[in-house]
$ cat upload.cif   # mmCIF, C-alpha atoms and all ligand atoms
data_target
loop_
_atom_site.label_atom_id
_atom_site.label_comp_id
_atom_site.auth_asym_id
_atom_site.auth_seq_id
_atom_site.Cartn_x
_atom_site.Cartn_y
_atom_site.Cartn_z
CA MET A 1 10.44 -14.58 -19.20
CA THR A 2 12.66 -11.56 -19.74
CA ALA A 3 15.13 -10.28 -17.16
CA GLU A 4 14.18 -7.04 -15.48
CA GLU A 5 16.18 -3.98 -16.45
CA PRO A 6 18.57 -2.82 -13.75
CA GLY A 7 17.34 0.55 -12.49
CA ALA A 8 13.76 -0.23 -13.50
CA TYR A 9 12.50 0.52 -9.98
CA THR A 10 12.76 3.58 -7.77
CA ILE A 11 12.78 2.81 -4.03
CA GLU A 12 9.21 4.15 -3.84
CA ALA A 13 8.00 1.87 -6.64
CA ALA A 14 9.79 -1.08 -5.04
CA LEU A 15 8.17 -0.43 -1.64
CA ASP A 16 4.77 -0.21 -3.39
CA LEU A 17 5.14 -3.96 -4.07
CA ILE A 18 4.84 -4.76 -0.33
CA ARG A 19 1.36 -6.12 0.19
CA ASP A 20 -0.99 -5.44 3.12
CA VAL A 21 -2.59 -8.64 4.41
CA PRO A 22 -5.36 -7.81 6.92
CA ASP A 23 -5.92 -10.06 9.94
CA PHE A 24 -2.70 -12.07 9.59
CA PRO A 25 -1.32 -13.82 11.58
CA GLU A 26 -4.18 -12.84 13.89
CA PRO A 27 -7.26 -10.60 13.81
CA GLY A 28 -6.47 -6.88 13.95
CA ILE A 29 -2.90 -7.16 12.56
CA VAL A 30 -2.17 -5.81 9.07
CA PHE A 31 0.76 -7.96 7.94
CA LYS A 32 3.31 -6.37 5.59
CA ASP A 33 4.05 -9.12 3.09
CA ILE A 34 7.44 -8.64 1.42
CA ALA A 35 7.13 -11.71 -0.85
CA PRO A 36 6.13 -9.67 -3.96
CA LEU A 37 9.18 -7.44 -3.43
CA LEU A 38 11.49 -10.47 -3.15
CA ALA A 39 10.00 -11.75 -6.42
CA HIS A 40 11.32 -8.74 -8.39
CA PRO A 41 15.13 -8.68 -8.49
CA ALA A 42 15.39 -5.09 -9.74
CA ALA A 43 13.01 -3.90 -7.01
CA LEU A 44 14.94 -5.82 -4.37
CA ALA A 45 18.18 -4.29 -5.66
CA ALA A 46 16.68 -0.78 -5.36
CA VAL A 47 15.62 -1.44 -1.76
CA VAL A 48 19.03 -2.92 -0.87
CA ARG A 49 20.74 0.21 -2.28
CA GLY A 50 18.40 2.34 -0.16
CA LEU A 51 19.10 0.37 3.02
CA ALA A 52 22.86 0.30 2.39
CA ALA A 53 22.92 4.10 2.13
CA ALA A 54 22.35 4.14 5.92
CA GLY A 55 25.84 2.60 6.28
CA ARG A 56 27.61 5.21 4.13
CA ASP A 57 29.03 8.67 4.87
CA GLU A 58 28.34 11.86 2.84
CA GLN A 59 30.98 10.85 0.31
CA GLY A 60 29.23 7.53 -0.21
CA LEU A 61 32.02 5.60 1.52
CA THR A 62 31.25 2.70 3.85
CA ALA A 63 31.10 4.00 7.42
CA VAL A 64 30.43 0.72 9.26
CA THR A 65 32.45 -2.44 9.85
CA HIS A 66 29.55 -4.90 10.24
CA VAL A 67 25.89 -5.38 9.38
CA VAL A 68 23.67 -7.19 11.89
CA GLY A 69 20.48 -8.80 10.57
CA VAL A 70 17.65 -9.99 12.80
CA GLU A 71 16.13 -13.44 12.26
CA SER A 72 14.54 -14.06 9.97
CA ARG A 73 13.47 -11.35 7.56
CA GLY A 74 16.39 -9.19 8.61
CA PHE A 75 18.63 -11.88 7.05
CA LEU A 76 16.99 -11.43 3.64
CA PHE A 77 18.00 -7.77 3.55
CA GLY A 78 21.00 -7.75 5.90
CA VAL A 79 23.14 -10.11 3.83
CA PRO A 80 22.85 -8.16 0.53
CA VAL A 81 23.33 -4.87 2.43
CA ALA A 82 26.56 -6.25 3.97
CA GLN A 83 27.69 -7.32 0.49
CA ALA A 84 26.87 -3.88 -0.94
CA LEU A 85 28.93 -2.24 1.82
CA ASP A 86 31.66 -4.90 1.54
CA VAL A 87 31.56 -5.68 5.28
CA ALA A 88 30.86 -8.74 7.44
CA PHE A 89 27.32 -9.92 8.19
CA VAL A 90 26.40 -11.02 11.74
CA PRO A 91 23.16 -12.90 12.47
CA VAL A 92 21.04 -12.20 15.54
CA ARG A 93 19.01 -15.36 16.08
CA LYS A 94 16.16 -16.88 18.03
CA PRO A 95 17.32 -18.88 21.11
CA GLY A 96 19.20 -22.15 20.76
CA LYS A 97 20.20 -21.69 17.10
CA LEU A 98 23.76 -20.40 17.51
CA PRO A 99 26.59 -22.68 18.70
CA GLY A 100 29.19 -21.63 21.26
CA GLU A 101 29.00 -18.76 23.74
CA VAL A 102 26.20 -16.27 23.18
CA HIS A 103 24.88 -13.06 24.61
CA ARG A 104 21.14 -13.27 25.21
CA VAL A 105 18.48 -10.60 25.59
CA SER A 106 14.81 -11.15 26.39
CA TYR A 107 12.11 -8.59 25.78
CA ALA A 108 8.38 -8.37 26.32
CA LEU A 109 5.85 -9.03 23.60
CA GLU A 110 2.17 -8.15 23.94
CA TYR A 111 1.68 -11.67 25.27
CA GLY A 112 4.75 -13.46 26.60
CA GLU A 113 8.40 -12.92 25.88
CA GLU A 114 10.88 -13.21 23.03
CA VAL A 115 14.59 -14.01 23.26
CA LEU A 116 17.38 -13.11 20.82
CA GLU A 117 21.04 -14.18 20.82
CA VAL A 118 24.34 -13.26 19.19
CA GLN A 119 27.66 -15.10 19.34
CA THR A 120 29.99 -13.38 21.84
CA ASP A 121 32.92 -13.41 19.38
CA ALA A 122 30.91 -11.98 16.47
CA LEU A 123 31.65 -8.35 17.36
CA THR A 124 34.18 -6.53 19.51
CA ALA A 125 35.15 -3.07 20.79
CA GLY A 126 35.88 -0.68 17.91
CA ASP A 127 33.36 -2.28 15.56
CA ARG A 128 30.71 0.05 14.11
CA VAL A 129 27.48 -1.74 13.34
CA LEU A 130 24.44 -1.11 11.15
CA VAL A 131 21.41 -3.13 12.36
CA VAL A 132 18.91 -4.14 9.64
CA ASP A 133 15.33 -5.45 9.84
CA ASP A 134 12.30 -5.32 7.57
CA VAL A 135 9.54 -3.76 9.70
CA LEU A 136 9.68 -1.61 12.85
CA ALA A 137 6.51 -2.19 14.87
CA THR A 138 6.77 -1.74 18.67
CA GLY A 139 10.57 -1.52 18.39
CA GLY A 140 11.26 -4.38 20.82
CA THR A 141 13.11 -6.51 18.27
CA LEU A 142 15.40 -3.74 17.06
CA ALA A 143 16.03 -2.45 20.60
CA ALA A 144 17.00 -5.97 21.75
CA SER A 145 19.39 -6.29 18.80
CA VAL A 146 20.97 -2.93 19.64
CA ASP A 147 21.39 -4.20 23.21
CA LEU A 148 23.14 -7.36 21.95
CA VAL A 149 25.60 -5.31 19.88
CA ALA A 150 26.38 -3.20 22.97
CA ARG A 151 26.93 -6.35 25.06
CA CYS A 152 29.64 -7.39 22.59
CA GLY A 153 31.34 -4.04 23.31
CA ALA A 154 30.68 -2.74 19.78
CA GLU A 155 29.05 0.53 18.77
CA VAL A 156 25.74 0.82 16.94
CA ALA A 157 26.29 3.30 14.12
CA GLY A 158 22.59 3.16 13.23
CA THR A 159 19.56 1.06 12.47
CA VAL A 160 17.58 0.80 9.23
CA VAL A 161 14.26 -0.74 8.25
CA LEU A 162 12.13 -0.78 5.10
CA LEU A 163 8.90 0.13 6.87
CA GLU A 164 8.16 1.94 10.11
CA LEU A 165 4.64 1.50 11.51
CA GLY A 166 4.49 5.07 12.84
CA PHE A 167 1.34 4.64 14.92
CA LEU A 168 3.15 2.15 17.22
CA ASP A 169 5.96 4.64 18.00
CA GLY A 170 8.63 1.92 17.95
CA ARG A 171 11.18 4.68 17.39
CA ALA A 172 10.84 5.62 21.08
CA ALA A 173 12.18 2.20 22.12
CA LEU A 174 15.47 3.02 20.37
CA GLY A 175 16.22 6.10 22.47
CA ASP A 176 19.19 7.98 21.02
CA VAL A 177 20.10 5.30 18.47
CA GLY A 178 19.69 6.60 14.92
CA LEU A 179 16.89 5.06 12.82
CA THR A 180 16.58 5.31 9.06
CA THR A 181 13.33 4.15 7.47
CA LEU A 182 12.70 3.88 3.75
CA ARG A 183 8.98 4.45 4.36
CA ARG A 184 6.85 5.43 7.37
CA VAL A 185 3.24 4.29 7.29
P1 LIG B 201 8.57 -5.20 16.91
O1 LIG B 201 9.55 -5.92 17.78
O2 LIG B 201 7.21 -5.07 17.52
O3 LIG B 201 9.11 -3.89 16.39
O4 LIG B 201 8.31 -6.14 15.66
C1 LIG B 201 9.21 -6.18 14.62
C2 LIG B 201 9.40 -7.56 14.10
O5 LIG B 201 8.17 -8.23 13.91
C3 LIG B 201 10.09 -7.48 12.77
O6 LIG B 201 11.12 -8.46 12.76
C4 LIG B 201 9.01 -7.76 11.75
O7 LIG B 201 9.48 -8.69 10.81
C5 LIG B 201 7.83 -8.32 12.53
N1 LIG B 201 6.58 -7.57 12.36
C6 LIG B 201 5.92 -6.86 13.31
N2 LIG B 201 4.78 -6.35 12.84
C7 LIG B 201 4.71 -6.70 11.55
C8 LIG B 201 3.75 -6.46 10.49
N3 LIG B 201 2.65 -5.72 10.69
N4 LIG B 201 4.01 -6.98 9.28
C9 LIG B 201 5.12 -7.72 9.07
N5 LIG B 201 6.04 -7.98 10.01
C10 LIG B 201 5.85 -7.48 11.23
#

$ encode --input "upload.cif" --output "structure tokens"
Amino acid sequence: MTAEEPGAYTIEAALDLIRDVPDFPEPGIVFKDIAPLLAHPAALAAVVRGLAAAGRDEQGLTAVTHVVGVESRGFLFGVPVAQALDVAFVPVRKPGKLPGEVHRVSYALEYGEEVLEVQTDALTAGDRVLVVDDVLATGGTLAASVDLVARCGAEVAGTVVLLELGFLDGRAALGDVGLTTLRRV
């Protein structure tokens, strides 16, 4: 097998690798499967460059101090984005996974409730944070993560996702917080 050429993928071509899986994990949901994108290193690199641009200023310089990634697919993209920007990565996790003191936010799902946590010493006042996830659906997950950053006393510089499911209007849940999406569907 030959290595892929760096620069072989545009962001658009890379996003085209994401596969629609109808009726997964339940009837009526069209699941966005990122596995084919993860399987192509040059495509993944193109997407990471695109996401990382949300953490840069007009001169291309890093404008954030931290990247927050949301468990679990936000980790896959958040870590390489933090590396590309040369800043710290902070995980936001499902409940009971992080040791020590945590801030905790719960938010409503269609049925039931979800909880997310961040370590209280992970961020502090003066930090400027880029929050990364793969898909924006109803916006609850990203809004809860933004809330956790604020509870640490840090500032959310912006949020970024690969795909925004426009018909769900998740953007509204973010209020004034800036959202960058590589593709809106
Ligand atoms: P939400 O909180 O409704 O915006 O949902 C966003 C979270 O759920 C993200 O972490 C996504 O990974 C996941 N998610 C929601 N809908 C989908 C979908 N159609 N395909 C893949 N992942 C999804």

$ closest_residue --input "upload.cif" --among "A:Ala143, A:Val135, A:Ile29, A:Ala53" --to "A:Ser72" --atoms "all atoms listed in the file"
A:Val135

$ residues_near_ligand --input "upload.cif" --ligand "ligand LIG 201 (chain B)" --cutoff "10 Å" --atoms "all atoms listed in the file" --output "ChimeraX atom specification"
/A:18-25,28-34,69-74,107-110,114,132-145,161,163-165,168-171,173

$ residues_around --input "upload.cif" --residues "A:Arg49" --least-positions-apart "3" --cutoff "10 Å" --atoms "only C-alpha atoms" --output "ChimeraX atom specification"
/A:11,43-46,52-54,80-81,84-85

$ atom_distance --input "upload.cif" --atom1 "atom CA of A:Val156" --atom2 "atom CA of A:Glu101"
21.0 Å

$ atom_distance --input "upload.cif" --atom1 "atom CA of A:Lys94" --atom2 "atom CA of A:Tyr111"
17.0 Å

$ atom_distance --input "upload.cif" --atom1 "atom CA of A:Gly158" --atom2 "atom CA of A:Asp57"
11.9 Å

$ closest_residue --input "upload.cif" --among "A:Glu155, A:Glu5, A:Asp147, A:Asp86" --to "A:Thr124" --atoms "all atoms listed in the file"
A:Glu155

$ closest_residue --input "upload.cif" --among "A:Asp121, A:Glu4, A:Glu12, A:Asp176" --to "A:Gly153" --atoms "only C-alpha atoms"
A:Asp121

$ closest_residue --input "upload.cif" --among "A:Phe77, A:Gly55, A:Gln119, A:Arg93" --to "A:Leu37" --atoms "all atoms listed in the file"
A:Phe77

$ residues_around --input "upload.cif" --residues "A:Val90" --least-positions-apart "3" --cutoff "8 Å" --atoms "all atoms listed in the file" --output "mmCIF file with C-alpha atoms, keeping the file's coordinate frame"
data_model
loop_
_atom_site.group_PDB
_atom_site.id
_atom_site.type_symbol
_atom_site.label_atom_id
_atom_site.label_comp_id
_atom_site.auth_asym_id
_atom_site.auth_seq_id
_atom_site.Cartn_x
_atom_site.Cartn_y
_atom_site.Cartn_z
ATOM 1 C CA HIS A 66 29.550 -4.900 10.240
ATOM 2 C CA VAL A 67 25.890 -5.380 9.380
ATOM 3 C CA VAL A 68 23.670 -7.190 11.890
ATOM 4 C CA GLY A 69 20.480 -8.800 10.570
ATOM 5 C CA ALA A 122 30.910 -11.980 16.470
#

$ closest_residue --input "upload.cif" --among "A:Arg104, A:Pro27, A:Arg183, A:Val177" --to "A:Ala13" --atoms "only C-alpha atoms"
A:Arg183

$ decode --input "upload.cif" --residues "stretch 88-137 of chain A" --atoms "N, CA and C atoms" --output "tab-separated table (two decimals), in the first residue's frame"
chain	number	residue	atom	x	y	z
A	88	ALA	N	-2.67	23.58	24.60
A	88	ALA	CA	-3.11	22.46	25.43
A	88	ALA	C	-4.47	21.93	24.99
A	89	PHE	N	-4.66	20.63	25.15
A	89	PHE	CA	-5.97	20.01	24.92
A	89	PHE	C	-6.63	19.71	26.26
A	90	VAL	N	-7.93	19.98	26.36
A	90	VAL	CA	-8.70	19.70	27.59
A	90	VAL	C	-9.90	18.82	27.22
A	91	PRO	N	-10.03	17.64	27.86
A	91	PRO	CA	-11.19	16.80	27.57
A	91	PRO	C	-12.42	17.17	28.39
A	92	VAL	N	-13.57	17.25	27.71
A	92	VAL	CA	-14.87	17.27	28.38
A	92	VAL	C	-15.42	15.86	28.28
A	93	ARG	N	-15.78	15.27	29.46
A	93	ARG	CA	-16.08	13.84	29.47
A	93	ARG	C	-17.47	13.52	30.03
A	94	LYS	N	-17.90	12.32	29.73
A	94	LYS	CA	-19.14	11.79	30.32
A	94	LYS	C	-18.93	11.64	31.83
A	95	PRO	N	-20.00	11.56	32.63
A	95	PRO	CA	-19.85	11.60	34.09
A	95	PRO	C	-19.06	10.42	34.66
A	96	GLY	N	-18.28	10.74	35.70
A	96	GLY	CA	-17.57	9.69	36.44
A	96	GLY	C	-16.27	9.24	35.83
A	97	LYS	N	-15.81	9.91	34.75
A	97	LYS	CA	-14.58	9.48	34.08
A	97	LYS	C	-13.36	10.28	34.53
A	98	LEU	N	-13.59	11.49	35.04
A	98	LEU	CA	-12.46	12.37	35.37
A	98	LEU	C	-12.22	12.37	36.88
A	99	PRO	N	-10.97	12.15	37.31
A	99	PRO	CA	-10.67	12.19	38.74
A	99	PRO	C	-10.59	13.62	39.26
A	100	GLY	N	-10.73	13.76	40.58
A	100	GLY	CA	-10.60	15.06	41.22
A	100	GLY	C	-11.88	15.87	41.10
A	101	GLU	N	-11.73	17.18	41.41
A	101	GLU	CA	-12.90	18.07	41.39
A	101	GLU	C	-13.33	18.38	39.97
A	102	VAL	N	-14.62	18.33	39.71
A	102	VAL	CA	-15.12	18.62	38.36
A	102	VAL	C	-16.27	19.61	38.42
A	103	HIS	N	-16.43	20.36	37.33
A	103	HIS	CA	-17.67	21.07	37.07
A	103	HIS	C	-18.54	20.12	36.27
A	104	ARG	N	-19.85	20.23	36.51
A	104	ARG	CA	-20.77	19.28	35.86
A	104	ARG	C	-21.97	20.05	35.31
A	105	VAL	N	-22.35	19.70	34.08
A	105	VAL	CA	-23.53	20.32	33.47
A	105	VAL	C	-24.43	19.22	32.94
A	106	SER	N	-25.73	19.31	33.20
A	106	SER	CA	-26.65	18.34	32.61
A	106	SER	C	-27.54	19.08	31.62
A	107	TYR	N	-27.92	18.37	30.56
A	107	TYR	CA	-28.78	18.99	29.56
A	107	TYR	C	-29.75	17.95	29.02
A	108	ALA	N	-30.85	18.45	28.49
A	108	ALA	CA	-31.93	17.55	28.07
A	108	ALA	C	-31.64	16.93	26.71
A	109	LEU	N	-31.90	15.65	26.59
A	109	LEU	CA	-31.93	14.99	25.30
A	109	LEU	C	-33.41	14.80	24.94
A	110	GLU	N	-33.66	14.26	23.74
A	110	GLU	CA	-35.05	14.04	23.35
A	110	GLU	C	-35.75	13.18	24.40
A	111	TYR	N	-35.06	12.11	24.81
A	111	TYR	CA	-35.56	11.30	25.91
A	111	TYR	C	-34.46	11.24	26.95
A	112	GLY	N	-34.75	11.77	28.15
A	112	GLY	CA	-33.77	11.67	29.23
A	112	GLY	C	-32.82	12.84	29.26
A	113	GLU	N	-31.64	12.58	29.81
A	113	GLU	CA	-30.72	13.66	30.16
A	113	GLU	C	-29.28	13.17	29.95
A	114	GLU	N	-28.41	14.10	29.60
A	114	GLU	CA	-26.99	13.77	29.45
A	114	GLU	C	-26.21	14.67	30.40
A	115	VAL	N	-25.08	14.17	30.88
A	115	VAL	CA	-24.23	14.95	31.78
A	115	VAL	C	-22.82	15.01	31.20
A	116	LEU	N	-22.18	16.17	31.30
A	116	LEU	CA	-20.78	16.32	30.88
A	116	LEU	C	-20.01	16.98	32.02
A	117	GLU	N	-18.71	16.66	32.09
A	117	GLU	CA	-17.86	17.18	33.17
A	117	GLU	C	-16.52	17.67	32.62
A	118	VAL	N	-15.92	18.62	33.36
A	118	VAL	CA	-14.55	19.05	33.08
A	118	VAL	C	-13.84	19.23	34.43
A	119	GLN	N	-12.55	18.97	34.47
A	119	GLN	CA	-11.81	19.16	35.72
A	119	GLN	C	-11.72	20.65	36.04
A	120	THR	N	-11.95	21.02	37.31
A	120	THR	CA	-12.03	22.44	37.68
A	120	THR	C	-10.70	23.17	37.45
A	121	ASP	N	-9.58	22.43	37.50
A	121	ASP	CA	-8.28	23.10	37.33
A	121	ASP	C	-7.77	23.04	35.88
A	122	ALA	N	-8.64	22.60	34.96
A	122	ALA	CA	-8.20	22.45	33.57
A	122	ALA	C	-8.08	23.80	32.86
A	123	LEU	N	-8.91	24.75	33.28
A	123	LEU	CA	-8.95	26.07	32.64
A	123	LEU	C	-9.11	27.12	33.72
A	124	THR	N	-8.69	28.36	33.42
A	124	THR	CA	-8.82	29.42	34.40
A	124	THR	C	-9.09	30.76	33.70
A	125	ALA	N	-9.36	31.80	34.50
A	125	ALA	CA	-9.62	33.13	33.95
A	125	ALA	C	-8.45	33.55	33.07
A	126	GLY	N	-8.76	34.17	31.93
A	126	GLY	CA	-7.72	34.61	31.00
A	126	GLY	C	-7.48	33.62	29.87
A	127	ASP	N	-7.90	32.36	30.06
A	127	ASP	CA	-7.76	31.38	28.98
A	127	ASP	C	-8.79	31.67	27.90
A	128	ARG	N	-8.36	31.45	26.65
A	128	ARG	CA	-9.27	31.61	25.49
A	128	ARG	C	-9.37	30.26	24.80
A	129	VAL	N	-10.59	29.77	24.69
A	129	VAL	CA	-10.80	28.36	24.36
A	129	VAL	C	-11.55	28.18	23.04
A	130	LEU	N	-11.06	27.23	22.23
A	130	LEU	CA	-11.78	26.78	21.04
A	130	LEU	C	-12.38	25.41	21.37
A	131	VAL	N	-13.70	25.27	21.23
A	131	VAL	CA	-14.40	24.01	21.54
A	131	VAL	C	-14.65	23.26	20.23
A	132	VAL	N	-14.25	21.97	20.20
A	132	VAL	CA	-14.30	21.17	18.97
A	132	VAL	C	-15.20	19.96	19.15
A	133	ASP	N	-16.07	19.70	18.16
A	133	ASP	CA	-16.81	18.44	18.11
A	133	ASP	C	-16.98	18.04	16.64
A	134	ASP	N	-17.52	16.85	16.41
A	134	ASP	CA	-17.64	16.42	15.01
A	134	ASP	C	-18.92	16.93	14.35
A	135	VAL	N	-20.07	16.69	15.01
A	135	VAL	CA	-21.36	17.02	14.41
A	135	VAL	C	-22.16	17.92	15.35
A	136	LEU	N	-22.75	18.99	14.81
A	136	LEU	CA	-23.70	19.79	15.57
A	136	LEU	C	-25.10	19.35	15.16
A	137	ALA	N	-25.85	18.80	16.11
A	137	ALA	CA	-27.23	18.38	15.82
A	137	ALA	C	-28.16	19.38	16.52
